[in-house]
Every structure is written in structure tokens, then in C-alpha cells.
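K.L.:
Submitted below is the structure of interest, expressed as C-alpha cells.
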Amino acid sequence: TVNMAHSNSINTLAYINETFFASGSRDRAIKFWSIANASYLETRQFHSNDILSIEVLEDGRILSGDKDGFVKIHLNSSSSKTLFQDTSA
């Protein structure tokens, strides 16, 4: 079975489109949900520290940032690419 709830506090929410939203947490996970009924859809685990931000680009691609200063772009539901790390973090 899939654990739908975050295992730690939620730091950020992001509106994806009229159908979906995402939540980012101290558990290092980004979870996607249906707006219509708040049902769980999937989890993405691309970061090794707390998720602090989630942003959606105009073309629909998703960026996420973590406590270590890493910013990643989501290539699909199972892979991401590090865009950069803010070393001042």
C-alpha cells in the first residue's frame, strides 16, 4: 500500500493547473493531489533534504527547491535534473 500522507510537516503548496496541486514537505517528498476530491495521485522523491518551494513554469514543467539549496526540474514522474545549487544556503 502507498502511504498517502506526508510523514512530516508541509512547507509549501503549489497550484499546478485546474486539476492538480502539489505539496512539499520536511519528509523530502513532493506529493500530487486531485483538486476535485483531494485524492492522492503520486509521490516524487528527488531531494535529500526538506522541500521548501515548488513552482510551475508557464509550459507546465515543475521546479522544486530544498533546504540544501538544490533546485531541480522534474523531467517526468520518476526523474529530475539538478539545475543548480545555491551554495549560500
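Chains: A, B, ... in order of the C-alpha cells. Residues: from 1 per chain. Ligands: from 1, in order shown.
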Among chain A, which ones does DSSP assign to strand (DSSP E or B) (computed from the backbone)? Answer as a VMD selection string.
P.N.:
chain A and resid 10 to 15 20 to 25 30 to 34 40 to 44 51 to 56 62 to 66 70 to 76 79 to 85
K.L.:
Atoms to include: N, CA and C atoms. Write the selected residues as a tab-separated table (two decimals), in the first residue's frame.
P.N.:
```tsv
chain	number	residue	atom	x	y	z
A	10	ILE	N	4.16	20.00	6.23
A	10	ILE	CA	4.14	20.54	4.86
A	10	ILE	C	4.69	21.95	4.89
A	11	ASN	N	5.65	22.23	4.01
A	11	ASN	CA	6.27	23.55	3.91
A	11	ASN	C	5.71	24.40	2.79
A	12	THR	N	5.18	23.77	1.75
A	12	THR	CA	4.77	24.52	0.57
A	12	THR	C	3.67	23.80	-0.19
A	13	LEU	N	2.82	24.59	-0.83
A	13	LEU	CA	1.79	24.08	-1.74
A	13	LEU	C	1.92	24.79	-3.06
A	14	ALA	N	1.57	24.11	-4.14
A	14	ALA	CA	1.63	24.73	-5.46
A	14	ALA	C	0.43	24.32	-6.30
A	15	TYR	N	-0.18	25.31	-6.91
A	15	TYR	CA	-1.25	25.08	-7.88
A	15	TYR	C	-0.60	24.66	-9.19
A	20	PHE	N	-4.86	19.70	-10.69
A	20	PHE	CA	-3.90	19.17	-9.72
A	20	PHE	C	-3.27	20.26	-8.86
A	21	PHE	N	-2.85	19.85	-7.65
A	21	PHE	CA	-1.96	20.68	-6.83
A	21	PHE	C	-0.89	19.77	-6.23
A	22	ALA	N	0.18	20.38	-5.71
A	22	ALA	CA	1.28	19.62	-5.12
A	22	ALA	C	1.59	20.15	-3.73
A	23	SER	N	2.10	19.27	-2.89
A	23	SER	CA	2.56	19.65	-1.56
A	23	SER	C	4.00	19.19	-1.38
A	24	GLY	N	4.79	20.04	-0.73
A	24	GLY	CA	6.18	19.71	-0.44
A	24	GLY	C	6.40	19.74	1.06
A	25	SER	N	7.22	18.82	1.55
A	25	SER	CA	7.28	18.60	2.99
A	25	SER	C	8.70	18.44	3.52
A	30	ILE	N	7.52	15.29	-2.55
A	30	ILE	CA	6.52	16.14	-3.20
A	30	ILE	C	5.38	15.20	-3.58
A	31	LYS	N	4.19	15.55	-3.14
A	31	LYS	CA	3.03	14.72	-3.42
A	31	LYS	C	2.05	15.49	-4.28
A	32	PHE	N	1.42	14.79	-5.20
A	32	PHE	CA	0.46	15.39	-6.12
A	32	PHE	C	-0.93	14.89	-5.79
A	33	TRP	N	-1.89	15.82	-5.89
A	33	TRP	CA	-3.26	15.58	-5.43
A	33	TRP	C	-4.25	16.10	-6.47
A	34	SER	N	-5.42	15.50	-6.49
A	34	SER	CA	-6.53	15.98	-7.30
A	34	SER	C	-7.23	17.12	-6.57
A	40	TYR	N	-5.08	11.46	-3.42
A	40	TYR	CA	-3.66	11.30	-3.67
A	40	TYR	C	-3.43	10.71	-5.06
A	41	LEU	N	-2.40	11.24	-5.77
A	41	LEU	CA	-2.08	10.74	-7.10
A	41	LEU	C	-0.70	10.09	-7.17
A	42	GLU	N	0.34	10.78	-6.70
A	42	GLU	CA	1.68	10.21	-6.75
A	42	GLU	C	2.64	10.96	-5.83
A	43	THR	N	3.79	10.33	-5.58
A	43	THR	CA	4.86	10.93	-4.79
A	43	THR	C	6.11	10.99	-5.64
A	44	ARG	N	6.83	12.11	-5.53
A	44	ARG	CA	8.15	12.25	-6.16
A	44	ARG	C	9.16	12.52	-5.05
A	51	ILE	N	11.78	19.93	1.44
A	51	ILE	CA	11.29	20.69	0.29
A	51	ILE	C	10.79	22.03	0.81
A	52	LEU	N	11.32	23.12	0.25
A	52	LEU	CA	10.93	24.45	0.68
A	52	LEU	C	10.06	25.18	-0.33
A	53	SER	N	10.17	24.80	-1.62
A	53	SER	CA	9.37	25.51	-2.62
A	53	SER	C	9.08	24.62	-3.81
A	54	ILE	N	7.94	24.89	-4.42
A	54	ILE	CA	7.52	24.24	-5.67
A	54	ILE	C	6.98	25.35	-6.56
A	55	GLU	N	7.44	25.41	-7.78
A	55	GLU	CA	6.96	26.40	-8.75
A	55	GLU	C	6.61	25.70	-10.05
A	56	VAL	N	5.63	26.22	-10.75
A	56	VAL	CA	5.23	25.68	-12.04
A	56	VAL	C	5.53	26.72	-13.11
A	62	ILE	N	7.76	21.53	-13.74
A	62	ILE	CA	7.77	21.80	-12.30
A	62	ILE	C	9.20	21.93	-11.80
A	63	LEU	N	9.42	22.97	-10.99
A	63	LEU	CA	10.69	23.18	-10.30
A	63	LEU	C	10.46	22.97	-8.82
A	64	SER	N	11.47	22.45	-8.14
A	64	SER	CA	11.39	22.32	-6.69
A	64	SER	C	12.72	22.69	-6.07
A	65	GLY	N	12.65	23.26	-4.87
A	65	GLY	CA	13.85	23.68	-4.15
A	65	GLY	C	13.87	23.09	-2.76
A	66	ASP	N	15.09	22.79	-2.29
A	66	ASP	CA	15.19	22.19	-0.96
A	66	ASP	C	16.08	22.99	-0.02
A	70	PHE	N	19.41	23.10	-3.42
A	70	PHE	CA	19.28	22.49	-4.74
A	70	PHE	C	17.96	22.89	-5.38
A	71	VAL	N	18.02	23.25	-6.66
A	71	VAL	CA	16.83	23.49	-7.46
A	71	VAL	C	16.81	22.44	-8.55
A	72	LYS	N	15.70	21.72	-8.64
A	72	LYS	CA	15.59	20.63	-9.60
A	72	LYS	C	14.40	20.87	-10.51
A	73	ILE	N	14.55	20.44	-11.76
A	73	ILE	CA	13.44	20.45	-12.70
A	73	ILE	C	12.97	19.00	-12.86
A	74	HIS	N	11.68	18.80	-12.80
A	74	HIS	CA	11.11	17.47	-12.92
A	74	HIS	C	10.99	17.13	-14.40
A	75	LEU	N	11.69	16.09	-14.84
A	75	LEU	CA	11.64	15.66	-16.23
A	75	LEU	C	10.41	14.81	-16.50
A	76	ASN	N	10.04	14.02	-15.52
A	76	ASN	CA	8.82	13.22	-15.55
A	76	ASN	C	8.56	12.76	-14.12
A	79	SER	N	12.02	11.03	-12.69
A	79	SER	CA	13.38	11.57	-12.80
A	79	SER	C	13.37	13.10	-12.79
A	80	SER	N	14.51	13.63	-12.37
A	80	SER	CA	14.69	15.07	-12.31
A	80	SER	C	16.12	15.40	-12.70
A	81	LYS	N	16.36	16.68	-12.91
A	81	LYS	CA	17.70	17.17	-13.23
A	81	LYS	C	17.99	18.35	-12.32
A	82	THR	N	19.18	18.36	-11.71
A	82	THR	CA	19.57	19.49	-10.88
A	82	THR	C	19.93	20.66	-11.78
A	83	LEU	N	19.27	21.79	-11.59
A	83	LEU	CA	19.58	22.99	-12.35
A	83	LEU	C	20.76	23.71	-11.74
A	84	PHE	N	20.77	23.84	-10.42
A	84	PHE	CA	21.89	24.44	-9.72
A	84	PHE	C	21.76	24.23	-8.22
A	85	GLN	N	22.87	24.51	-7.52
A	85	GLN	CA	22.81	24.52	-6.06
A	85	GLN	C	23.29	25.88	-5.59
```
K.L.:
From the set A:Ser7, A:Ser78, A:Thr19, A:Thr87, which residue has the shortest atom-to-atom contact distance to A:Ser39, counting only C-alpha atoms?
P.N.:
A:Thr19
K.L.:
I'd like to know which of A:Ile35, A:Asn17, A:Ala29, A:Ser88 is closest to A:Met4, using only C-alpha atoms.
P.N.:
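The answer is A:Ala29, which sits nearest to A:Met4.
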K.L.:
My list of candidates is A:Glu18, A:His47, A:Ser9, A:Ala38. Which is closest to A:Lys67 when distances are computed with only C-alpha atoms?
P.N.:
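Checking each candidate against A:Lys67, we get A:His47 as the closest.
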K.L.:
Atom CA of A:Asp27 to atom CA of A:Asp50: how many Å, to one decimal?
P.N.:
6.2 Å
K.L.:
Please, what distance in Å, to one decimal, runs between atom CA of A:Gly60 and atom CA of A:Asp86?
P.N.:
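Taking atom CA of A:Gly60 and atom CA of A:Asp86, their separation equals 23.5 Å.
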